[in-house]
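Colleague: File name data-v4.cif; file contents mmCIF, N, CA and C atoms; full text below.
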```
data_upload
#
loop_
_atom_site.label_atom_id
_atom_site.label_comp_id
_atom_site.auth_asym_id
_atom_site.auth_seq_id
_atom_site.Cartn_x
_atom_site.Cartn_y
_atom_site.Cartn_z
N MET A 175 0.84 -1.18 0.00
CA MET A 175 0.00 0.00 0.00
C MET A 175 0.87 1.24 0.00
N SER A 176 0.37 2.27 -0.62
CA SER A 176 1.13 3.52 -0.63
C SER A 176 0.87 4.27 0.67
N PRO A 177 1.83 5.12 1.09
CA PRO A 177 1.65 5.87 2.33
C PRO A 177 0.40 6.76 2.31
N ASP A 178 0.05 7.28 1.13
CA ASP A 178 -1.13 8.14 1.04
C ASP A 178 -2.39 7.36 1.38
N LYS A 179 -2.48 6.12 0.90
CA LYS A 179 -3.68 5.33 1.12
C LYS A 179 -3.82 4.97 2.61
N THR A 180 -2.71 4.60 3.27
CA THR A 180 -2.80 4.25 4.69
C THR A 180 -3.13 5.48 5.53
N ALA A 181 -2.63 6.64 5.14
CA ALA A 181 -2.94 7.85 5.89
C ALA A 181 -4.44 8.13 5.83
N ASP A 182 -5.06 7.92 4.66
CA ASP A 182 -6.50 8.15 4.54
C ASP A 182 -7.29 7.16 5.39
N GLU A 183 -6.83 5.94 5.45
CA GLU A 183 -7.55 4.92 6.21
C GLU A 183 -7.43 5.16 7.71
N GLN A 184 -6.37 5.81 8.16
CA GLN A 184 -6.14 5.99 9.58
C GLN A 184 -6.78 7.25 10.14
N ARG A 185 -7.31 8.09 9.30
CA ARG A 185 -7.92 9.31 9.81
C ARG A 185 -9.18 8.98 10.59
N GLY A 186 -9.53 9.89 11.50
CA GLY A 186 -10.71 9.65 12.33
C GLY A 186 -10.33 8.86 13.56
N ARG A 187 -11.22 8.04 14.00
CA ARG A 187 -10.99 7.23 15.20
C ARG A 187 -10.18 5.99 14.84
N PRO A 188 -9.01 5.86 15.44
CA PRO A 188 -8.20 4.68 15.11
C PRO A 188 -8.73 3.40 15.75
N PHE A 189 -9.55 3.52 16.79
CA PHE A 189 -10.07 2.35 17.47
C PHE A 189 -11.59 2.42 17.52
N GLN A 190 -12.21 1.29 17.65
CA GLN A 190 -13.65 1.24 17.81
C GLN A 190 -14.01 1.76 19.20
N PRO A 191 -15.21 2.34 19.37
CA PRO A 191 -15.61 2.80 20.70
C PRO A 191 -15.53 1.66 21.72
N GLY A 192 -14.94 1.97 22.88
CA GLY A 192 -14.80 0.96 23.93
C GLY A 192 -13.59 0.08 23.78
N GLN A 193 -12.79 0.31 22.75
CA GLN A 193 -11.61 -0.52 22.52
C GLN A 193 -10.41 0.42 22.39
N SER A 194 -9.39 0.20 23.21
CA SER A 194 -8.21 1.06 23.15
C SER A 194 -7.06 0.29 22.52
N GLY A 195 -5.95 0.99 22.35
CA GLY A 195 -4.76 0.35 21.80
C GLY A 195 -4.15 -0.63 22.80
N ASN A 196 -4.46 -0.47 24.09
CA ASN A 196 -3.98 -1.38 25.12
C ASN A 196 -5.19 -1.88 25.90
N PRO A 197 -5.80 -2.97 25.46
CA PRO A 197 -7.04 -3.42 26.09
C PRO A 197 -6.89 -3.74 27.58
N ASN A 198 -5.70 -4.14 27.99
CA ASN A 198 -5.51 -4.44 29.41
C ASN A 198 -5.38 -3.16 30.23
N GLY A 199 -4.92 -2.09 29.62
CA GLY A 199 -4.77 -0.81 30.31
C GLY A 199 -3.67 -0.86 31.36
N ARG A 200 -3.55 0.21 32.07
CA ARG A 200 -2.57 0.29 33.14
C ARG A 200 -3.08 -0.52 34.32
N PRO A 201 -2.26 -1.32 34.94
CA PRO A 201 -2.72 -2.13 36.07
C PRO A 201 -3.25 -1.27 37.20
N SER A 202 -4.31 -1.71 37.82
CA SER A 202 -4.91 -0.98 38.92
C SER A 202 -3.91 -0.85 40.07
N GLY A 203 -3.79 0.36 40.61
CA GLY A 203 -2.89 0.59 41.73
C GLY A 203 -1.44 0.84 41.35
N SER A 204 -1.12 0.77 40.07
CA SER A 204 0.28 1.00 39.68
C SER A 204 0.60 2.48 39.78
N ARG A 205 1.84 2.80 40.00
CA ARG A 205 2.26 4.18 40.18
C ARG A 205 3.17 4.59 39.04
N SER A 206 3.20 5.88 38.76
CA SER A 206 4.04 6.36 37.67
C SER A 206 5.51 6.21 38.05
N LYS A 207 6.36 6.18 37.06
CA LYS A 207 7.80 6.03 37.29
C LYS A 207 8.35 7.22 38.07
N VAL A 208 7.81 8.39 37.84
CA VAL A 208 8.29 9.59 38.54
C VAL A 208 8.01 9.46 40.04
N LEU A 209 6.79 9.05 40.41
CA LEU A 209 6.47 8.90 41.82
C LEU A 209 7.32 7.82 42.49
N VAL A 210 7.55 6.74 41.78
CA VAL A 210 8.38 5.67 42.33
C VAL A 210 9.80 6.19 42.55
N ALA A 211 10.33 6.97 41.61
CA ALA A 211 11.68 7.53 41.74
C ALA A 211 11.75 8.53 42.91
N LEU A 212 10.73 9.38 43.05
CA LEU A 212 10.71 10.33 44.16
C LEU A 212 10.65 9.61 45.51
N ASP A 213 9.84 8.56 45.59
CA ASP A 213 9.76 7.79 46.83
C ASP A 213 11.11 7.16 47.16
N ALA A 214 11.80 6.68 46.15
CA ALA A 214 13.11 6.06 46.37
C ALA A 214 14.12 7.09 46.88
N LEU A 215 14.05 8.31 46.35
CA LEU A 215 14.96 9.36 46.80
C LEU A 215 14.71 9.75 48.26
N ALA A 216 13.43 9.83 48.64
CA ALA A 216 13.08 10.30 49.98
C ALA A 216 13.04 9.19 51.02
N GLU A 217 13.13 7.94 50.58
CA GLU A 217 13.01 6.82 51.53
C GLU A 217 14.07 6.92 52.62
N GLY A 218 13.62 6.86 53.84
CA GLY A 218 14.52 6.93 54.96
C GLY A 218 14.85 8.35 55.40
N GLU A 219 14.53 9.33 54.58
CA GLU A 219 14.84 10.72 54.92
C GLU A 219 13.60 11.52 55.27
N VAL A 220 12.44 10.94 55.09
CA VAL A 220 11.20 11.67 55.34
C VAL A 220 11.11 12.12 56.79
N GLU A 221 11.45 11.24 57.72
CA GLU A 221 11.39 11.58 59.13
C GLU A 221 12.35 12.71 59.45
N GLU A 222 13.54 12.65 58.88
CA GLU A 222 14.54 13.69 59.11
C GLU A 222 14.08 15.04 58.54
N ILE A 223 13.45 14.99 57.37
CA ILE A 223 12.94 16.22 56.75
C ILE A 223 11.82 16.82 57.61
N ALA A 224 10.93 15.96 58.09
CA ALA A 224 9.83 16.43 58.93
C ALA A 224 10.35 17.06 60.21
N ARG A 225 11.35 16.44 60.83
CA ARG A 225 11.94 17.00 62.05
C ARG A 225 12.59 18.35 61.77
N ALA A 226 13.27 18.47 60.63
CA ALA A 226 13.90 19.75 60.27
C ALA A 226 12.85 20.84 60.08
N MET A 227 11.72 20.49 59.44
CA MET A 227 10.64 21.46 59.24
C MET A 227 10.05 21.90 60.58
N ILE A 228 9.87 20.95 61.49
CA ILE A 228 9.33 21.26 62.81
C ILE A 228 10.29 22.17 63.58
N THR A 229 11.58 21.87 63.48
CA THR A 229 12.59 22.70 64.15
C THR A 229 12.56 24.13 63.61
N LYS A 230 12.45 24.26 62.27
CA LYS A 230 12.38 25.59 61.67
C LYS A 230 11.12 26.31 62.12
N ALA A 231 10.01 25.60 62.16
CA ALA A 231 8.74 26.21 62.58
C ALA A 231 8.84 26.68 64.02
N LYS A 232 9.46 25.87 64.89
CA LYS A 232 9.64 26.26 66.30
C LYS A 232 10.56 27.47 66.42
N GLY A 233 11.47 27.62 65.47
CA GLY A 233 12.40 28.74 65.47
C GLY A 233 11.82 30.01 64.89
N GLY A 234 10.58 29.96 64.46
CA GLY A 234 9.92 31.16 63.96
C GLY A 234 9.78 31.23 62.45
N ASP A 235 10.14 30.19 61.73
CA ASP A 235 10.00 30.19 60.27
C ASP A 235 8.52 30.02 59.92
N ALA A 236 7.89 31.10 59.49
CA ALA A 236 6.45 31.09 59.22
C ALA A 236 6.09 30.18 58.05
N ILE A 237 6.95 30.09 57.06
CA ILE A 237 6.66 29.24 55.91
C ILE A 237 6.66 27.77 56.31
N ALA A 238 7.63 27.38 57.12
CA ALA A 238 7.68 25.99 57.61
C ALA A 238 6.46 25.70 58.48
N ALA A 239 6.11 26.65 59.34
CA ALA A 239 4.95 26.45 60.21
C ALA A 239 3.68 26.32 59.39
N ARG A 240 3.55 27.15 58.39
CA ARG A 240 2.35 27.07 57.55
C ARG A 240 2.28 25.75 56.81
N ALA A 241 3.42 25.28 56.29
CA ALA A 241 3.44 23.99 55.59
C ALA A 241 2.98 22.87 56.51
N ILE A 242 3.43 22.91 57.75
CA ILE A 242 3.04 21.88 58.72
C ILE A 242 1.56 22.00 59.06
N PHE A 243 1.13 23.21 59.39
CA PHE A 243 -0.28 23.40 59.79
C PHE A 243 -1.24 23.09 58.66
N ASP A 244 -0.87 23.41 57.42
CA ASP A 244 -1.75 23.11 56.30
C ASP A 244 -1.97 21.61 56.14
N ARG A 245 -0.97 20.82 56.52
CA ARG A 245 -1.09 19.36 56.43
C ARG A 245 -1.79 18.77 57.65
N VAL A 246 -1.45 19.28 58.82
CA VAL A 246 -1.97 18.71 60.06
C VAL A 246 -3.37 19.23 60.37
N TRP A 247 -3.55 20.55 60.24
CA TRP A 247 -4.85 21.18 60.52
C TRP A 247 -5.29 21.97 59.31
N PRO A 248 -5.91 21.31 58.34
CA PRO A 248 -6.37 22.06 57.17
C PRO A 248 -7.43 23.09 57.59
N PRO A 249 -7.57 24.15 56.81
CA PRO A 249 -8.53 25.19 57.18
C PRO A 249 -9.95 24.62 57.29
N ARG A 250 -10.63 25.05 58.34
CA ARG A 250 -12.00 24.59 58.54
C ARG A 250 -12.92 25.37 57.61
N LYS A 251 -13.84 24.64 57.04
CA LYS A 251 -14.82 25.28 56.18
C LYS A 251 -16.18 25.09 56.82
N GLY A 252 -16.96 26.12 56.81
CA GLY A 252 -18.30 26.01 57.35
C GLY A 252 -18.35 26.01 58.87
N ALA A 253 -17.37 26.64 59.52
CA ALA A 253 -17.38 26.70 60.97
C ALA A 253 -18.54 27.57 61.45
N ARG A 254 -19.06 27.21 62.60
CA ARG A 254 -20.16 27.99 63.16
C ARG A 254 -19.66 29.35 63.61
N ILE A 255 -20.53 30.33 63.47
CA ILE A 255 -20.21 31.67 63.96
C ILE A 255 -21.36 32.13 64.85
N GLN A 256 -21.05 33.01 65.76
CA GLN A 256 -22.08 33.60 66.60
C GLN A 256 -22.19 35.07 66.25
N PHE A 257 -23.43 35.52 66.09
CA PHE A 257 -23.66 36.91 65.76
C PHE A 257 -25.07 37.28 66.21
N ASP A 258 -25.29 38.56 66.39
CA ASP A 258 -26.61 39.06 66.77
C ASP A 258 -27.41 39.33 65.51
N LEU A 259 -28.69 38.99 65.57
CA LEU A 259 -29.57 39.23 64.43
C LEU A 259 -30.99 39.43 64.95
N PRO A 260 -31.62 40.54 64.59
CA PRO A 260 -33.00 40.73 65.03
C PRO A 260 -33.93 39.74 64.32
N GLU A 261 -35.11 39.55 64.87
CA GLU A 261 -36.12 38.67 64.28
C GLU A 261 -36.53 39.22 62.91
N VAL A 262 -36.60 38.34 61.92
CA VAL A 262 -36.99 38.74 60.57
C VAL A 262 -38.19 37.90 60.16
N ASN A 263 -39.38 38.53 60.15
CA ASN A 263 -40.60 37.83 59.77
C ASN A 263 -41.26 38.42 58.54
N LYS A 264 -40.89 39.65 58.20
CA LYS A 264 -41.48 40.30 57.03
C LYS A 264 -40.39 41.12 56.33
N ALA A 265 -40.68 41.50 55.11
CA ALA A 265 -39.68 42.20 54.30
C ALA A 265 -39.21 43.50 54.95
N GLU A 266 -40.06 44.13 55.71
CA GLU A 266 -39.69 45.40 56.35
C GLU A 266 -38.63 45.21 57.43
N ASP A 267 -38.46 43.98 57.94
CA ASP A 267 -37.46 43.71 58.97
C ASP A 267 -36.05 43.55 58.41
N LEU A 268 -35.95 43.33 57.10
CA LEU A 268 -34.65 43.00 56.50
C LEU A 268 -33.63 44.14 56.53
N PRO A 269 -34.00 45.39 56.24
CA PRO A 269 -32.97 46.44 56.27
C PRO A 269 -32.30 46.56 57.64
N ASP A 270 -33.07 46.44 58.73
CA ASP A 270 -32.47 46.51 60.06
C ASP A 270 -31.51 45.34 60.29
N ALA A 271 -31.90 44.14 59.83
CA ALA A 271 -31.06 42.96 60.01
C ALA A 271 -29.74 43.12 59.26
N VAL A 272 -29.80 43.63 58.02
CA VAL A 272 -28.58 43.85 57.23
C VAL A 272 -27.71 44.91 57.90
N ALA A 273 -28.33 45.95 58.45
CA ALA A 273 -27.56 46.99 59.14
C ALA A 273 -26.85 46.43 60.37
N VAL A 274 -27.51 45.52 61.09
CA VAL A 274 -26.88 44.90 62.27
C VAL A 274 -25.66 44.08 61.84
N ILE A 275 -25.79 43.32 60.76
CA ILE A 275 -24.67 42.51 60.25
C ILE A 275 -23.53 43.43 59.81
N ASN A 276 -23.85 44.49 59.08
CA ASN A 276 -22.81 45.44 58.64
C ASN A 276 -22.07 46.04 59.83
N ARG A 277 -22.80 46.36 60.89
CA ARG A 277 -22.17 46.93 62.08
C ARG A 277 -21.22 45.92 62.71
N GLN A 278 -21.62 44.65 62.77
CA GLN A 278 -20.77 43.62 63.37
C GLN A 278 -19.51 43.40 62.54
N VAL A 279 -19.64 43.49 61.21
CA VAL A 279 -18.45 43.40 60.35
C VAL A 279 -17.55 44.60 60.61
N ALA A 280 -18.13 45.79 60.66
CA ALA A 280 -17.34 47.00 60.88
C ALA A 280 -16.63 46.98 62.23
N ASP A 281 -17.27 46.40 63.24
CA ASP A 281 -16.67 46.33 64.58
C ASP A 281 -15.70 45.17 64.73
N GLY A 282 -15.58 44.32 63.70
CA GLY A 282 -14.66 43.20 63.75
C GLY A 282 -15.19 42.00 64.52
N GLU A 283 -16.48 41.98 64.82
CA GLU A 283 -17.06 40.84 65.55
C GLU A 283 -17.18 39.62 64.65
N ILE A 284 -17.44 39.85 63.37
CA ILE A 284 -17.46 38.77 62.38
C ILE A 284 -16.66 39.25 61.17
N SER A 285 -16.15 38.32 60.39
CA SER A 285 -15.33 38.69 59.23
C SER A 285 -16.22 39.18 58.08
N PRO A 286 -15.64 39.90 57.13
CA PRO A 286 -16.43 40.32 55.96
C PRO A 286 -17.01 39.13 55.19
N ASP A 287 -16.25 38.03 55.09
CA ASP A 287 -16.78 36.84 54.41
C ASP A 287 -17.97 36.27 55.15
N GLU A 288 -17.88 36.19 56.47
CA GLU A 288 -19.00 35.69 57.25
C GLU A 288 -20.21 36.61 57.11
N GLY A 289 -19.97 37.92 57.13
CA GLY A 289 -21.06 38.88 56.95
C GLY A 289 -21.73 38.70 55.60
N ALA A 290 -20.92 38.49 54.56
CA ALA A 290 -21.49 38.30 53.22
C ALA A 290 -22.35 37.05 53.15
N VAL A 291 -21.93 35.98 53.83
CA VAL A 291 -22.72 34.75 53.85
C VAL A 291 -24.06 35.00 54.55
N VAL A 292 -24.03 35.68 55.68
CA VAL A 292 -25.27 35.95 56.43
C VAL A 292 -26.20 36.84 55.61
N VAL A 293 -25.66 37.88 54.96
CA VAL A 293 -26.49 38.75 54.13
C VAL A 293 -27.07 37.96 52.96
N GLY A 294 -26.31 37.02 52.41
CA GLY A 294 -26.84 36.15 51.35
C GLY A 294 -28.01 35.31 51.85
N LEU A 295 -27.91 34.82 53.08
CA LEU A 295 -29.01 34.06 53.67
C LEU A 295 -30.23 34.96 53.88
N LEU A 296 -29.98 36.20 54.30
CA LEU A 296 -31.09 37.14 54.45
C LEU A 296 -31.74 37.45 53.11
N GLU A 297 -30.95 37.52 52.07
CA GLU A 297 -31.50 37.73 50.72
C GLU A 297 -32.38 36.55 50.31
N ALA A 298 -31.96 35.34 50.62
CA ALA A 298 -32.78 34.17 50.33
C ALA A 298 -34.08 34.23 51.13
N GLN A 299 -33.99 34.69 52.37
CA GLN A 299 -35.19 34.81 53.19
C GLN A 299 -36.12 35.88 52.61
N ARG A 300 -35.55 36.97 52.11
CA ARG A 300 -36.37 38.01 51.47
C ARG A 300 -37.14 37.45 50.28
N LYS A 301 -36.46 36.67 49.47
CA LYS A 301 -37.13 36.06 48.31
C LYS A 301 -38.25 35.14 48.75
N ALA A 302 -38.01 34.36 49.81
CA ALA A 302 -39.04 33.46 50.32
C ALA A 302 -40.24 34.25 50.85
N ILE A 303 -39.98 35.34 51.57
CA ILE A 303 -41.06 36.17 52.10
C ILE A 303 -41.86 36.77 50.95
N GLU A 304 -41.16 37.32 49.96
CA GLU A 304 -41.85 37.93 48.83
C GLU A 304 -42.64 36.91 48.03
N THR A 305 -42.09 35.72 47.86
CA THR A 305 -42.81 34.67 47.14
C THR A 305 -44.06 34.27 47.90
N ASN A 306 -43.95 34.15 49.20
CA ASN A 306 -45.10 33.81 50.04
C ASN A 306 -46.16 34.90 49.98
N ASP A 307 -45.75 36.17 50.07
CA ASP A 307 -46.69 37.29 49.98
C ASP A 307 -47.39 37.32 48.62
N LEU A 308 -46.62 37.09 47.56
CA LEU A 308 -47.19 37.08 46.21
C LEU A 308 -48.19 35.94 46.05
N ALA A 309 -47.87 34.78 46.56
CA ALA A 309 -48.79 33.64 46.48
C ALA A 309 -50.09 33.93 47.24
N ALA A 310 -49.98 34.60 48.39
CA ALA A 310 -51.17 34.95 49.17
C ALA A 310 -52.03 35.96 48.40
N ARG A 311 -51.39 36.93 47.76
CA ARG A 311 -52.15 37.93 46.99
C ARG A 311 -52.83 37.28 45.80
N ILE A 312 -52.15 36.37 45.13
CA ILE A 312 -52.76 35.69 43.98
C ILE A 312 -53.95 34.85 44.44
N ALA A 313 -53.79 34.16 45.54
CA ALA A 313 -54.89 33.35 46.07
C ALA A 313 -56.09 34.22 46.42
N ALA A 314 -55.84 35.40 47.01
CA ALA A 314 -56.94 36.31 47.36
C ALA A 314 -57.64 36.80 46.10
N LEU A 315 -56.88 37.14 45.06
CA LEU A 315 -57.48 37.57 43.80
C LEU A 315 -58.31 36.46 43.16
N GLU A 316 -57.79 35.25 43.20
CA GLU A 316 -58.53 34.12 42.63
C GLU A 316 -59.82 33.85 43.41
N ASP A 317 -59.79 34.03 44.73
CA ASP A 317 -61.00 33.86 45.53
C ASP A 317 -62.03 34.92 45.15
N ARG A 318 -61.58 36.18 44.97
CA ARG A 318 -62.49 37.25 44.56
C ARG A 318 -63.12 36.96 43.21
N GLN A 319 -62.30 36.47 42.28
CA GLN A 319 -62.80 36.15 40.94
C GLN A 319 -63.81 35.01 40.99
N ALA A 320 -63.56 34.02 41.84
CA ALA A 320 -64.45 32.86 41.96
C ALA A 320 -65.79 33.26 42.55
N LYS A 321 -65.84 34.28 43.42
CA LYS A 321 -67.07 34.71 44.07
C LYS A 321 -67.94 35.55 43.16
N LYS A 322 -67.38 36.10 42.09
CA LYS A 322 -68.15 36.95 41.18
C LYS A 322 -69.04 36.16 40.29
#
```
Translate the structure described by the file into structure tokens.
Modeller:
Amino acid sequence: MSPDKTADEQRGRPFQPGQSGNPNGRPSGSRSKVLVALDALAEGEVEEIARAMITKAKGGDAIAARAIFDRVWPPRKGARIQFDLPEVNKAEDLPDAVAVINRQVADGEISPDEGAVVVGLLEAQRKAIETNDLAARIAALEDRQAKK
């Protein structure tokens, strides 16, 4: 066969769907050569490296301390916060509630991120209140129409 003809035949998908060039694939649990080589280099020295990092962290090296803390105590997500919030039962209550949250952020009682989350929750509550009010108004209009 000429090279031109084989090139035309090979265009597109070289394998049928569900069939690869290596049907057995990579063995499950096998590791790349790079990772195996890195493990071989560090074998027996990991404990010594960890002790050196701890010593540096104890000596005031902030980067070493951060590396250790990021591994040992990853940042908590979704931690509970305590904050003051007035009762919110109707849409008219929301501006005061947002003002209270803004004041707590300004005073440093809660972080700006925490304040933004709480205001987002208040926004969701506003939508729920407005949806409920709208549904009640529609129901009242439908009752009036039905009575006519």
Colleague: Between atom CA of Thr305 of chain A and atom CA of Val291 of chain A, what distance in Å does the model show, to one decimal?
Modeller: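 Here the two named atoms are 21.2 Å from each other.
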Colleague: Report the distance between atom C of Glu222 of chain A and atom N of Gly203 of chain A in Å, rounded to one decimal place.
Modeller: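 Atom C of Glu222 of chain A sits 29.3 Å away from atom N of Gly203 of chain A.
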Colleague: For atom C of Glu283 of chain A and atom N of Ala253 of chain A, determine how far apart the two atoms are, in Å to one decimal place.
Modeller: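 If I compute the distance from atom C of Glu283 of chain A to atom N of Ala253 of chain A, I get 14.0 Å.
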Colleague: Within 7 Å of Val274 of chain A, counting only N, CA and C atoms, which residues show up once you throw out same-chain ones fewer than 6 positions away? Write them as a list in words, please.
Modeller: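 That gives Asp258, Leu259 and Pro260 of chain A.
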Colleague: With N, CA and C atoms kept, could you save the residues just selected as a PDB file, in the frame of the given file?
Modeller:
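To be explicit, this is the file written out as out-v6.pdb:
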```pdb
ATOM      1  N   ASP A 258     -25.290  38.560  66.390  1.00  0.00           N
ATOM      2  CA  ASP A 258     -26.610  39.060  66.770  1.00  0.00           C
ATOM      3  C   ASP A 258     -27.410  39.330  65.510  1.00  0.00           C
ATOM      4  N   LEU A 259     -28.690  38.990  65.570  1.00  0.00           N
ATOM      5  CA  LEU A 259     -29.570  39.230  64.430  1.00  0.00           C
ATOM      6  C   LEU A 259     -30.990  39.430  64.950  1.00  0.00           C
ATOM      7  N   PRO A 260     -31.620  40.540  64.590  1.00  0.00           N
ATOM      8  CA  PRO A 260     -33.000  40.730  65.030  1.00  0.00           C
ATOM      9  C   PRO A 260     -33.930  39.740  64.320  1.00  0.00           C
TER      10      PRO A 260
END
```
Colleague: From a DSSP calculation on the backbone, collect every residue of chain A in alpha helix (DSSP H) and output the set as number ranges by chain.
Modeller: A: 177-184, 207-216, 220-232, 236-246, 268-280, 286-321
Colleague: Report as a PyMOL selection string all protein, DNA and RNA residues lying within 9 Å of segment 293-304 of chain A, evaluated on only C-alpha atoms, omitting residues in the same chain fewer than 6 positions from it.
Modeller: chain A and resi 262-265+268+271-272+275-276
Colleague: Return the single residue from A:Ile255, A:Ala226, A:Val208, A:Ile242 that is closest to Asp287 of chain A, with distances computed using only C-alpha atoms.
Modeller: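 Using only C-alpha atoms, Asp287 of chain A sits closest to A:Ile255.
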